[in-house]
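A.B. asks: This is protein.csv, which holds CSV, C-alpha atoms and all ligand atoms:
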chain,number,residue,atom,x,y,z
A,2,SER,CA,1.9,-11.6,-16.3
A,3,GLU,CA,2.8,-13.9,-13.4
A,4,LEU,CA,1.1,-13.4,-10.0
A,5,LEU,CA,3.3,-12.8,-7.0
A,6,LEU,CA,0.5,-12.6,-4.5
A,7,GLU,CA,-3.2,-13.4,-4.7
A,8,ALA,CA,-5.4,-12.2,-1.8
A,9,LYS,CA,-8.9,-13.6,-1.5
A,10,ASN,CA,-11.7,-12.3,0.7
A,11,LEU,CA,-9.4,-10.7,3.2
A,12,ARG,CA,-10.9,-9.2,6.3
A,13,LYS,CA,-9.5,-7.4,9.3
A,14,TYR,CA,-11.9,-6.6,12.0
A,15,PHE,CA,-10.7,-4.8,15.1
A,16,PRO,CA,-12.9,-5.3,18.1
A,17,ILE,CA,-14.1,-2.1,19.9
A,18,LYS,CA,-13.8,-2.4,23.6
A,19,LYS,CA,-17.1,-1.7,25.3
A,20,GLY,CA,-16.7,-0.8,29.0
A,21,PHE,CA,-14.8,-2.7,31.6
A,22,PHE,CA,-16.7,-6.0,31.7
A,23,GLY,CA,-18.3,-5.8,28.4
A,24,ARG,CA,-17.3,-8.3,25.8
A,25,SER,CA,-16.8,-6.7,22.5
A,26,SER,CA,-19.7,-7.1,20.1
A,27,SER,CA,-18.9,-4.4,17.6
A,28,TYR,CA,-16.0,-4.1,15.2
A,29,VAL,CA,-14.2,-1.7,13.1
A,30,LYS,CA,-14.2,-3.4,9.7
A,31,ALA,CA,-10.8,-1.9,8.6
A,32,VAL,CA,-10.6,-4.3,5.7
A,33,ASP,CA,-13.8,-5.9,4.6
A,34,ASP,CA,-13.7,-8.8,2.1
A,35,ILE,CA,-11.2,-7.6,-0.4
A,36,SER,CA,-9.6,-9.7,-3.1
A,37,LEU,CA,-6.5,-8.5,-4.9
A,38,GLU,CA,-3.8,-9.7,-7.2
A,39,VAL,CA,-0.3,-8.4,-7.2
A,40,LYS,CA,1.6,-9.2,-10.4
A,41,LYS,CA,5.3,-9.9,-10.5
A,42,GLY,CA,7.3,-6.8,-11.4
A,43,GLU,CA,4.4,-4.3,-11.3
A,44,THR,CA,3.8,-1.3,-9.1
A,45,LEU,CA,0.3,-1.6,-7.8
A,46,GLY,CA,-1.1,1.6,-6.2
A,47,LEU,CA,-3.5,1.4,-3.3
A,48,VAL,CA,-5.3,4.7,-3.0
A,49,GLY,CA,-8.1,6.2,-1.0
A,50,GLU,CA,-8.8,8.7,1.7
A,51,SER,CA,-7.1,8.3,5.1
A,52,GLY,CA,-8.8,5.6,7.2
A,53,CYS,CA,-10.0,3.6,4.2
A,54,GLY,CA,-7.9,0.6,5.1
A,55,LYS,CA,-4.9,1.0,2.7
A,56,SER,CA,-2.2,0.6,5.4
A,57,THR,CA,-4.0,-2.3,7.0
A,58,THR,CA,-4.3,-4.0,3.7
A,59,GLY,CA,-0.6,-3.5,3.0
A,60,ARG,CA,0.3,-5.0,6.4
A,61,LEU,CA,-2.0,-7.9,5.9
A,62,LEU,CA,-0.5,-8.8,2.6
A,63,ILE,CA,2.9,-9.4,4.1
A,64,ARG,CA,1.6,-10.7,7.5
A,65,LEU,CA,2.8,-7.8,9.5
A,66,LEU,CA,-0.7,-8.1,10.7
A,67,ASP,CA,-2.8,-11.2,10.8
A,68,ALA,CA,-6.1,-11.3,8.9
A,69,THR,CA,-9.3,-12.1,10.6
A,70,ASP,CA,-10.3,-14.2,7.6
A,71,GLY,CA,-9.3,-14.8,4.1
A,72,GLU,CA,-6.4,-16.4,2.1
A,73,ILE,CA,-3.2,-15.0,0.6
A,74,TYR,CA,-1.5,-17.2,-2.0
A,75,TYR,CA,2.3,-16.9,-2.6
A,76,LYS,CA,3.9,-19.6,-4.8
A,77,GLY,CA,1.0,-21.9,-4.3
A,78,ASP,CA,0.9,-21.6,-0.5
A,79,ASN,CA,-1.6,-19.8,1.6
A,80,ILE,CA,0.8,-17.7,3.7
A,81,LEU,CA,-1.9,-17.3,6.4
A,82,ASP,CA,-1.3,-21.0,7.2
A,83,TYR,CA,2.4,-20.5,7.6
A,84,ARG,CA,3.9,-21.5,10.9
A,85,PRO,CA,6.7,-19.3,12.4
A,86,LYS,CA,9.5,-21.1,10.6
A,87,GLU,CA,7.9,-20.7,7.2
A,88,LEU,CA,6.9,-17.2,8.1
A,89,ARG,CA,10.6,-16.3,8.3
A,90,LYS,CA,10.7,-16.9,4.5
A,91,VAL,CA,8.0,-14.2,4.0
A,92,ARG,CA,9.8,-11.9,6.4
A,93,GLN,CA,12.9,-12.1,4.2
A,94,ARG,CA,11.2,-11.8,0.8
A,95,PHE,CA,8.6,-9.1,1.7
A,96,GLN,CA,9.7,-5.7,3.1
A,97,MET,CA,8.1,-2.5,4.1
A,98,ILE,CA,9.0,1.1,3.7
A,99,PHE,CA,7.3,3.6,6.0
A,100,GLN,CA,6.2,7.2,5.8
A,101,ASP,CA,8.5,8.1,8.6
A,102,PRO,CA,11.5,5.8,8.5
A,103,TYR,CA,13.0,7.7,11.5
A,104,SER,CA,10.4,6.4,13.9
A,105,SER,CA,11.4,2.8,13.0
A,106,MET,CA,15.1,3.4,13.5
A,107,ASN,CA,16.9,3.1,16.8
A,108,PRO,CA,18.4,6.6,17.2
A,109,ARG,CA,21.4,5.1,19.1
A,110,MET,CA,22.4,2.9,16.2
A,111,THR,CA,24.6,4.1,13.4
A,112,VAL,CA,23.3,4.1,9.9
A,113,GLY,CA,25.7,1.2,9.1
A,114,ASP,CA,24.3,-0.9,12.0
A,115,ILE,CA,20.7,-0.1,11.0
A,116,ILE,CA,21.2,-1.4,7.5
A,117,GLU,CA,23.2,-4.4,8.7
A,118,GLU,CA,20.6,-5.4,11.3
A,119,PRO,CA,18.3,-7.5,9.0
A,120,LEU,CA,21.4,-9.4,7.8
A,121,ILE,CA,22.3,-10.2,11.3
A,122,ASN,CA,18.8,-11.2,12.2
A,123,PHE,CA,18.7,-13.7,9.3
A,124,LYS,CA,22.2,-14.9,10.0
A,125,ILE,CA,23.4,-13.9,6.5
A,126,ASN,CA,27.1,-13.7,5.8
A,127,GLU,CA,30.1,-13.1,8.0
A,128,LYS,CA,30.8,-9.7,9.4
A,129,VAL,CA,33.3,-8.7,6.7
A,130,GLU,CA,30.8,-9.5,3.9
A,131,ARG,CA,28.0,-7.9,5.7
A,132,LYS,CA,30.0,-4.6,5.9
A,133,LYS,CA,30.7,-4.9,2.2
A,134,ARG,CA,27.0,-5.3,1.6
A,135,VAL,CA,26.1,-2.3,3.7
A,136,THR,CA,28.6,-0.2,1.6
A,137,GLU,CA,27.0,-1.5,-1.6
A,138,LEU,CA,23.5,-0.6,-0.4
A,139,LEU,CA,24.5,2.9,0.7
A,140,ASP,CA,25.9,3.3,-2.8
A,141,VAL,CA,22.7,2.0,-4.4
A,142,VAL,CA,20.6,4.6,-2.5
A,143,GLY,CA,23.0,7.4,-3.3
A,144,LEU,CA,24.2,8.0,0.2
A,145,GLY,CA,27.9,7.1,0.1
A,146,ASN,CA,30.1,5.3,2.5
A,147,HIS,CA,30.7,8.3,4.8
A,148,ALA,CA,27.1,7.7,6.2
A,149,ILE,CA,28.1,4.5,7.8
A,150,ASN,CA,29.3,5.7,11.2
A,151,ARG,CA,26.8,8.6,11.5
A,152,PHE,CA,23.4,8.6,13.2
A,153,PRO,CA,20.0,8.9,11.6
A,154,HIS,CA,19.3,12.3,13.3
A,155,GLU,CA,22.2,13.8,11.3
A,156,PHE,CA,20.3,13.3,8.1
A,157,SER,CA,17.4,15.1,6.3
A,158,GLY,CA,14.0,13.5,5.8
A,159,GLY,CA,14.8,12.5,2.2
A,160,GLN,CA,18.2,11.0,3.3
A,161,ARG,CA,16.5,9.1,6.1
A,162,GLN,CA,14.1,7.6,3.6
A,163,ARG,CA,17.1,6.5,1.6
A,164,ILE,CA,18.4,4.8,4.7
A,165,GLY,CA,15.0,3.1,5.1
A,166,ILE,CA,15.2,1.9,1.5
A,167,ALA,CA,18.7,0.6,1.9
A,168,ARG,CA,17.6,-1.4,5.0
A,169,ALA,CA,14.5,-2.7,3.1
A,170,LEU,CA,16.8,-3.9,0.2
A,171,ALA,CA,19.3,-5.6,2.5
A,172,LEU,CA,17.7,-9.0,2.3
A,173,ASN,CA,17.1,-8.9,-1.4
A,174,PRO,CA,13.3,-8.7,-1.2
A,175,GLU,CA,10.8,-9.6,-4.0
A,176,LEU,CA,8.1,-7.4,-2.8
A,177,ILE,CA,8.2,-4.0,-1.1
A,178,ILE,CA,5.1,-2.5,0.5
A,179,ALA,CA,5.7,1.3,0.5
A,180,ASP,CA,3.3,3.1,2.8
A,181,GLU,CA,3.1,6.8,1.9
A,182,PRO,CA,6.9,6.8,1.5
A,183,VAL,CA,7.1,10.4,0.3
A,184,SER,CA,4.2,12.0,1.9
A,185,ALA,CA,6.3,13.6,4.6
A,186,LEU,CA,8.8,15.1,2.2
A,187,ASP,CA,9.0,18.3,0.3
A,188,VAL,CA,7.8,18.0,-3.3
A,189,SER,CA,11.2,18.6,-4.8
A,190,ILE,CA,12.6,15.7,-2.6
A,191,GLN,CA,9.6,13.5,-3.4
A,192,SER,CA,10.5,13.1,-7.0
A,193,GLN,CA,14.1,12.2,-6.2
A,194,VAL,CA,12.9,9.4,-3.9
A,195,LEU,CA,10.3,8.3,-6.4
A,196,ASN,CA,13.0,8.2,-9.1
A,197,LEU,CA,15.2,6.1,-6.8
A,198,LEU,CA,12.4,3.7,-6.2
A,199,LYS,CA,11.9,3.4,-10.0
A,200,ASP,CA,15.6,2.8,-10.6
A,201,ILE,CA,16.0,0.1,-7.9
A,202,GLN,CA,12.8,-1.6,-9.1
A,203,LYS,CA,14.5,-2.2,-12.5
A,204,GLU,CA,17.8,-3.1,-11.0
A,205,PHE,CA,16.5,-5.6,-8.5
A,206,ASP,CA,13.3,-6.9,-10.1
A,207,LEU,CA,11.1,-5.6,-7.4
A,208,THR,CA,7.4,-5.6,-7.1
A,209,TYR,CA,5.8,-2.7,-5.3
A,210,VAL,CA,2.5,-2.2,-3.6
A,211,PHE,CA,2.5,1.6,-3.3
A,212,ILE,CA,0.1,3.1,-0.7
A,213,SER,CA,-0.8,6.7,-1.1
A,214,HIS,CA,-3.5,9.2,-0.7
A,215,ASP,CA,-1.8,11.5,-3.2
A,216,LEU,CA,-2.8,10.6,-6.8
A,217,SER,CA,-0.1,12.7,-8.4
A,218,VAL,CA,2.5,10.6,-6.7
A,219,VAL,CA,0.6,7.4,-7.7
A,220,ASP,CA,0.5,8.7,-11.3
A,221,HIS,CA,4.3,9.0,-11.3
A,222,LEU,CA,5.0,5.4,-10.3
A,223,CYS,CA,2.1,3.0,-10.7
A,224,ASP,CA,1.1,0.6,-13.4
A,225,ARG,CA,-2.2,-0.5,-11.9
A,226,ILE,CA,-4.3,1.1,-9.2
A,227,ALA,CA,-6.8,-0.2,-6.7
A,228,VAL,CA,-9.1,2.3,-5.2
A,229,MET,CA,-10.4,1.7,-1.6
A,230,TYR,CA,-13.3,3.1,0.2
A,231,LEU,CA,-14.3,2.2,3.7
A,232,GLY,CA,-12.4,-1.1,3.8
A,233,LYS,CA,-13.4,-2.2,0.4
A,234,ILE,CA,-11.9,-2.1,-3.0
A,235,VAL,CA,-14.2,-0.3,-5.3
A,236,GLU,CA,-12.2,-0.3,-8.6
A,237,VAL,CA,-9.0,-1.9,-9.9
A,238,SER,CA,-7.8,-0.6,-13.2
A,239,ASP,CA,-4.7,0.1,-15.2
A,240,LYS,CA,-3.5,3.6,-14.4
A,241,LYS,CA,-4.2,5.2,-17.7
A,242,LYS,CA,-7.8,4.1,-17.8
A,243,LEU,CA,-8.4,5.1,-14.2
A,244,PHE,CA,-7.0,8.6,-14.8
A,245,ASN,CA,-8.8,9.1,-18.2
A,246,ASP,CA,-12.1,7.3,-17.7
A,247,SER,CA,-12.7,5.8,-14.3
A,248,LEU,CA,-15.8,3.7,-13.7
A,249,HIS,CA,-16.7,3.9,-10.1
A,250,PRO,CA,-18.4,7.1,-8.9
A,251,TYR,CA,-16.0,7.4,-6.0
A,252,SER,CA,-13.0,7.0,-8.3
A,253,LYS,CA,-14.5,9.7,-10.5
A,254,ALA,CA,-14.8,12.1,-7.6
A,255,LEU,CA,-11.2,11.3,-6.4
A,256,LEU,CA,-9.7,11.8,-9.8
A,257,SER,CA,-11.7,15.0,-10.5
A,258,ALA,CA,-9.6,16.6,-7.8
A,259,VAL,CA,-6.3,15.9,-9.6
A,260,PRO,CA,-5.1,18.7,-11.9
A,261,ASN,CA,-4.9,17.4,-15.4
A,262,ALA,CA,-1.6,17.6,-17.3
A,263,ASP,CA,-3.5,17.9,-20.6
A,264,PRO,CA,-5.4,21.3,-20.6
A,265,LYS,CA,-7.6,20.0,-23.5
A,266,VAL,CA,-9.2,17.5,-21.2
A,267,LYS,CA,-11.9,19.3,-19.4
A,268,LYS,CA,-12.7,18.0,-16.0
A,269,GLU,CA,-15.3,19.2,-13.6
A,270,ARG,CA,-14.4,18.9,-10.0
A,271,ILE,CA,-16.9,16.6,-8.2
A,272,ILE,CA,-17.5,17.6,-4.7
A,273,LEU,CA,-18.7,14.8,-2.5
A,274,SER,CA,-21.3,15.7,0.1
A,275,GLY,CA,-20.9,14.5,3.7
A,276,ASP,CA,-17.9,13.0,5.5
A,277,VAL,CA,-16.5,9.5,5.3
A,278,PRO,CA,-18.7,7.4,7.6
A,279,SER,CA,-17.1,5.5,10.5
A,280,PRO,CA,-15.9,2.1,9.6
A,281,SER,CA,-17.4,0.9,12.9
A,282,ASN,CA,-20.8,1.7,11.5
A,283,PRO,CA,-20.7,1.7,7.7
A,284,PRO,CA,-23.8,2.4,5.8
A,285,LYS,CA,-25.9,-0.6,4.6
A,286,GLY,CA,-25.8,-1.7,1.0
A,287,CYS,CA,-23.1,0.2,-1.0
A,288,ALA,CA,-21.1,1.9,1.8
A,289,PHE,CA,-20.7,4.9,-0.6
A,290,HIS,CA,-24.4,5.5,-1.2
A,291,PRO,CA,-24.9,8.4,1.2
A,292,ARG,CA,-22.3,10.4,-0.8
A,293,CYS,CA,-22.8,9.0,-4.2
A,294,PRO,CA,-24.2,11.3,-6.9
A,295,ASP,CA,-25.5,8.3,-8.8
A,296,ALA,CA,-27.1,6.3,-6.0
A,297,MET,CA,-30.2,4.3,-6.8
A,298,ASP,CA,-32.7,2.5,-4.5
A,299,ILE,CA,-30.9,-0.8,-4.8
A,300,CYS,CA,-27.7,0.8,-3.5
A,301,LYS,CA,-29.2,1.3,-0.1
A,302,VAL,CA,-29.9,-2.3,0.5
A,303,SER,CA,-27.6,-4.4,-1.6
A,304,VAL,CA,-23.8,-4.6,-1.5
A,305,PRO,CA,-22.5,-4.4,-5.1
A,306,GLU,CA,-20.4,-7.4,-6.1
A,307,GLN,CA,-17.1,-6.8,-7.8
A,308,ILE,CA,-17.4,-7.6,-11.5
A,309,GLU,CA,-14.7,-8.0,-14.1
A,310,ARG,CA,-15.3,-6.0,-17.3
A,311,ASP,CA,-14.2,-7.1,-20.8
A,312,ASP,CA,-11.1,-4.9,-20.6
A,313,GLY,CA,-10.0,-6.5,-17.3
A,314,ARG,CA,-11.0,-3.7,-15.1
A,315,LEU,CA,-12.8,-4.6,-11.9
A,316,VAL,CA,-15.5,-2.5,-10.4
A,317,ALA,CA,-18.0,-2.9,-7.5
A,318,CYS,CA,-21.0,-0.7,-8.4
A,319,HIS,CA,-24.6,-1.4,-9.3
A,320,LEU,CA,-24.3,0.9,-12.3
A,321,TYR,CA,-22.3,-1.8,-14.1
A,322,ASN,CA,-24.4,-4.8,-13.2
A,401,LIG,FE1,-23.1,4.8,-6.2
A,401,LIG,FE2,-24.8,2.8,-6.2
A,401,LIG,FE3,-22.5,2.5,-7.4
A,401,LIG,FE4,-22.6,2.6,-4.8
A,401,LIG,S1,-23.4,1.0,-6.1
A,401,LIG,S2,-21.2,3.7,-6.1
A,401,LIG,S3,-24.2,4.1,-4.4
A,401,LIG,S4,-24.2,3.9,-7.9
A,402,MG,MG,-2.2,5.0,6.4
For the file at hand, write its structure as structure tokens.
C.D. replies:
Amino acid sequence: SELLLEAKNLRKYFPIKKGFFGRSSSYVKAVDDISLEVKKGETLGLVGESGCGKSTTGRLLIRLLDATDGEIYYKGDNILDYRPKELRKVRQRFQMIFQDPYSSMNPRMTVGDIIEEPLINFKINEKVERKKRVTELLDVVGLGNHAINRFPHEFSGGQRQRIGIARALALNPELIIADEPVSALDVSIQSQVLNLLKDIQKEFDLTYVFISHDLSVVDHLCDRIAVMYLGKIVEVSDKKKLFNDSLHPYSKALLSAVPNADPKVKKERIILSGDVPSPSNPPKGCAFHPRCPDAMDICKVSVPEQIERDDGRLVACHLYN
């Protein structure tokens, strides 16, 4: 299907400050040479342990954060070349939903004002129409009009996430980056919010990049999944194949920890030895090699290239070269 975004060789290096006079010579390679396609209408999961670069990748994709290097194509343009005026276009079309919507809401603003704010920022509609739109949006997210004059602290976590979703929808976005949007919620509330996300995706033709460390949540929502480890994408696969028969040893270990719905499928839990190394000093060669049960000599010296398999899956591992 049609591409919405195509990221090529994206990098985000954060300098590490060294002493008072020292110029920085080392970097945290939060995102290190990743290439990724986002297809129109899909939900692409971005998974991995905390600190692997998922959130940074999500922010880079919509230019909430500027990449150190790389290209991101949207409708034929490299959005990394956009000047402030063109960037506004992106700001309107690409929105973000956060894990804790409350922290991104002004507690002194009413819910109605919070949802209306993006419309004001982009000078969309007159006041009367904006109010109508806010009412519509509250309805879409299942909150009802009585929320309009109340304050965010009067709502539960799940309701606040609905307010965050309404605000993200205000400008009619094409793409929503959802960064752990249900991780802070009780499991019973999680599925309600996930179902809402599914419903509005259909209703408004949305594309999602869904960032999560929780594979059961990802399973619920995603079509394709990209697995990240230490700032790199190690595997991209459609969801079914990843859950049933993942290729990369890191994906296998991650997936082995997810309880299987089908009791006939026997899975052995793969326990990885060692901790995730620091992204400021990643291991040479394949960054996963110190923990990989299948590591070979070549893995210690050579970074595996991402290859495309016949079935369209992408994997970066010497086992498949
Ligand atoms: Fe393991 Fe080597 Fe593959 Fe890395 S490249 S995941 S170390 S087998
Ligand atoms: Mg994160």
A.B. asks: Here is a test: counting all atoms listed in the file, which residue of A:His290, A:Val39, A:Glu3, A:Gln96 is nearest to Asp224 of chain A?
C.D. replies: A:Val39
A.B. asks: Out of A:Gln160, A:Leu256, A:Gly143, A:Ser247, which residue has the shortest atom-to-atom distance to Ile201 of chain A when counting only C-alpha atoms?
C.D. replies: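 Going through A:Gln160, A:Leu256, A:Gly143, A:Ser247 one by one, the smallest distance to Ile201 of chain A is for A:Gly143.
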A.B. asks: How would you report the residues lying within 7 Å of ligand LIG 401 (chain A), as a PyMOL selection string, if you count all atoms listed in the file?
C.D. replies: chain A and resi 249-251+287-290+293-297+300+305+317-320
A.B. asks: Of the candidates A:Val218, A:Leu11, A:Leu62, A:Val48, which one gets nearest to ligand MG 402 (chain A) if we count all atoms listed in the file?
C.D. replies: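 Answer, going by the shortest atom-to-atom distance: A:Val48.
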A.B. asks: Out of A:Glu7, A:Asp200, A:Glu38, A:Asp33, which residue has the shortest atom-to-atom distance to Val304 of chain A when counting all atoms listed in the file?
C.D. replies: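 Going through A:Glu7, A:Asp200, A:Glu38, A:Asp33 one by one, the smallest distance to Val304 of chain A is for A:Asp33.
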A.B. asks: Let me see if you get this right: every residue at most 7 Å from ligand MG 402 (chain A), counting only C-alpha atoms and all ligand atoms, written as a list in words.
C.D. replies: Ser51, Gly52, Lys55, Ser56 and Asp180 of chain A
A.B. asks: Keeping only C-alpha atoms, write the selected residues to a file as a short mmCIF file (atom, residue, chain, number, x, y, z; two decimals), keeping the file's coordinate frame.
C.D. replies:
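Result file follows (part-v4.cif):
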data_model
loop_
_atom_site.label_atom_id
_atom_site.label_comp_id
_atom_site.auth_asym_id
_atom_site.auth_seq_id
_atom_site.Cartn_x
_atom_site.Cartn_y
_atom_site.Cartn_z
CA SER A 51 -7.10 8.30 5.10
CA GLY A 52 -8.80 5.60 7.20
CA LYS A 55 -4.90 1.00 2.70
CA SER A 56 -2.20 0.60 5.40
CA ASP A 180 3.30 3.10 2.80
#
A.B. asks: Measuring atom to atom with all atoms listed in the file, identify which of A:Phe123, A:Gly145, A:Arg314, A:Asn322 is nearest to Lys86 of chain A.
C.D. replies: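 Of the candidates, the smallest distance to Lys86 of chain A is held by A:Phe123.
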A.B. asks: When you look at Leu195 of chain A with a cut-off of 8 Å (counting all atoms listed in the file), what residues show up, excluding the ones that are within fewer than 4 positions of it in the same chain? I need them as a ChimeraX atom specification.
C.D. replies: /A:183,191,199,221-222
A.B. asks: Applying 10 Å and all atoms listed in the file, which residues near Leu197 of chain A remain after dropping the ones on its own chain fewer than 4 positions away? List them as a list in words.
C.D. replies: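 My reading of the contact set: Val141, Val142, Gly143, Arg163, Ile166, Gln191, Ser192, Gln193, Ile201 and Gln202 of chain A.
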A.B. asks: Please indicate the distance in Å from atom CA of Gly46 of chain A to atom CA of Phe244 of chain A, rounded to one decimal place.
C.D. replies: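 These atoms are spaced 12.6 Å apart.
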A.B. asks: Looking at A:Ala171, A:Ile98, A:Ile35, A:Ala8, which one is nearest to Ile121 of chain A, with distances taken over only C-alpha atoms?
C.D. replies: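 Selected residue with least distance to Ile121 of chain A: A:Ala171.
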A.B. asks: May I have the protein, DNA and RNA residues with any atom at most 8 Å from the point (24.6, 4.1, 10.0), counting all atoms listed in the file, written as a list in words?
C.D. replies: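 Answer for this query, in the requested form: Met110, Thr111, Val112, Gly113, Asp114, Ile115, Ile116, Ala148, Ile149, Asn150, Arg151, Phe152 and Pro153 of chain A.
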A.B. asks: Tell me, in Å to one decimal, how far atom CA of Glu181 of chain A is from atom CA of Leu47 of chain A.
C.D. replies: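 Calculated distance between atom CA of Glu181 of chain A and atom CA of Leu47 of chain A is 10.0 Å.
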A.B. asks: Within 12 Å of segment 64-76 of chain A, counting all atoms listed in the file, which residues qualify if same-chain residues fewer than 5 places away don't, as a PyMOL selection string?
C.D. replies: chain A and resi 3-16+28-41+56-59+81-85+87-97+175-176+178
A.B. asks: Take the residues from that selection and write them out as a PDB file, in the coordinates of the input, keeping C-alpha atoms.
C.D. replies:
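Contents of the output file part_22.pdb:
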ATOM      1  CA  GLU A   3       2.800 -13.900 -13.400  1.00  0.00           C
ATOM      2  CA  LEU A   4       1.100 -13.400 -10.000  1.00  0.00           C
ATOM      3  CA  LEU A   5       3.300 -12.800  -7.000  1.00  0.00           C
ATOM      4  CA  LEU A   6       0.500 -12.600  -4.500  1.00  0.00           C
ATOM      5  CA  GLU A   7      -3.200 -13.400  -4.700  1.00  0.00           C
ATOM      6  CA  ALA A   8      -5.400 -12.200  -1.800  1.00  0.00           C
ATOM      7  CA  LYS A   9      -8.900 -13.600  -1.500  1.00  0.00           C
ATOM      8  CA  ASN A  10     -11.700 -12.300   0.700  1.00  0.00           C
ATOM      9  CA  LEU A  11      -9.400 -10.700   3.200  1.00  0.00           C
ATOM     10  CA  ARG A  12     -10.900  -9.200   6.300  1.00  0.00           C
ATOM     11  CA  LYS A  13      -9.500  -7.400   9.300  1.00  0.00           C
ATOM     12  CA  TYR A  14     -11.900  -6.600  12.000  1.00  0.00           C
ATOM     13  CA  PHE A  15     -10.700  -4.800  15.100  1.00  0.00           C
ATOM     14  CA  PRO A  16     -12.900  -5.300  18.100  1.00  0.00           C
ATOM     15  CA  TYR A  28     -16.000  -4.100  15.200  1.00  0.00           C
ATOM     16  CA  VAL A  29     -14.200  -1.700  13.100  1.00  0.00           C
ATOM     17  CA  LYS A  30     -14.200  -3.400   9.700  1.00  0.00           C
ATOM     18  CA  ALA A  31     -10.800  -1.900   8.600  1.00  0.00           C
ATOM     19  CA  VAL A  32     -10.600  -4.300   5.700  1.00  0.00           C
ATOM     20  CA  ASP A  33     -13.800  -5.900   4.600  1.00  0.00           C
ATOM     21  CA  ASP A  34     -13.700  -8.800   2.100  1.00  0.00           C
ATOM     22  CA  ILE A  35     -11.200  -7.600  -0.400  1.00  0.00           C
ATOM     23  CA  SER A  36      -9.600  -9.700  -3.100  1.00  0.00           C
ATOM     24  CA  LEU A  37      -6.500  -8.500  -4.900  1.00  0.00           C
ATOM     25  CA  GLU A  38      -3.800  -9.700  -7.200  1.00  0.00           C
ATOM     26  CA  VAL A  39      -0.300  -8.400  -7.200  1.00  0.00           C
ATOM     27  CA  LYS A  40       1.600  -9.200 -10.400  1.00  0.00           C
ATOM     28  CA  LYS A  41       5.300  -9.900 -10.500  1.00  0.00           C
ATOM     29  CA  SER A  56      -2.200   0.600   5.400  1.00  0.00           C
ATOM     30  CA  THR A  57      -4.000  -2.300   7.000  1.00  0.00           C
ATOM     31  CA  THR A  58      -4.300  -4.000   3.700  1.00  0.00           C
ATOM     32  CA  GLY A  59      -0.600  -3.500   3.000  1.00  0.00           C
ATOM     33  CA  LEU A  81      -1.900 -17.300   6.400  1.00  0.00           C
ATOM     34  CA  ASP A  82      -1.300 -21.000   7.200  1.00  0.00           C
ATOM     35  CA  TYR A  83       2.400 -20.500   7.600  1.00  0.00           C
ATOM     36  CA  ARG A  84       3.900 -21.500  10.900  1.00  0.00           C
ATOM     37  CA  PRO A  85       6.700 -19.300  12.400  1.00  0.00           C
ATOM     38  CA  GLU A  87       7.900 -20.700   7.200  1.00  0.00           C
ATOM     39  CA  LEU A  88       6.900 -17.200   8.100  1.00  0.00           C
ATOM     40  CA  ARG A  89      10.600 -16.300   8.300  1.00  0.00           C
ATOM     41  CA  LYS A  90      10.700 -16.900   4.500  1.00  0.00           C
ATOM     42  CA  VAL A  91       8.000 -14.200   4.000  1.00  0.00           C
ATOM     43  CA  ARG A  92       9.800 -11.900   6.400  1.00  0.00           C
ATOM     44  CA  GLN A  93      12.900 -12.100   4.200  1.00  0.00           C
ATOM     45  CA  ARG A  94      11.200 -11.800   0.800  1.00  0.00           C
ATOM     46  CA  PHE A  95       8.600  -9.100   1.700  1.00  0.00           C
ATOM     47  CA  GLN A  96       9.700  -5.700   3.100  1.00  0.00           C
ATOM     48  CA  MET A  97       8.100  -2.500   4.100  1.00  0.00           C
ATOM     49  CA  GLU A 175      10.800  -9.600  -4.000  1.00  0.00           C
ATOM     50  CA  LEU A 176       8.100  -7.400  -2.800  1.00  0.00           C
ATOM     51  CA  ILE A 178       5.100  -2.500   0.500  1.00  0.00           C
TER      52      ILE A 178
END
A.B. asks: What's the separation between atom CA of Val210 of chain A and atom CA of Ala169 of chain A, in Å to one decimal place?
C.D. replies: 13.8 Å
A.B. asks: At a cut-off of 9 Å, using only C-alpha atoms, what residues contact segment 129-134 of chain A? Leave out same-chain residues fewer than 3 positions from it and give the result as a PDB file with C-alpha atoms, keeping the file's coordinate frame.
C.D. replies:
ATOM      1  CA  GLY A 113      25.700   1.200   9.100  1.00  0.00           C
ATOM      2  CA  GLU A 117      23.200  -4.400   8.700  1.00  0.00           C
ATOM      3  CA  LEU A 120      21.400  -9.400   7.800  1.00  0.00           C
ATOM      4  CA  ILE A 121      22.300 -10.200  11.300  1.00  0.00           C
ATOM      5  CA  ILE A 125      23.400 -13.900   6.500  1.00  0.00           C
ATOM      6  CA  ASN A 126      27.100 -13.700   5.800  1.00  0.00           C
ATOM      7  CA  GLU A 137      27.000  -1.500  -1.600  1.00  0.00           C
ATOM      8  CA  LEU A 138      23.500  -0.600  -0.400  1.00  0.00           C
ATOM      9  CA  LEU A 139      24.500   2.900   0.700  1.00  0.00           C
ATOM     10  CA  ALA A 171      19.300  -5.600   2.500  1.00  0.00           C
TER      11      ALA A 171
END
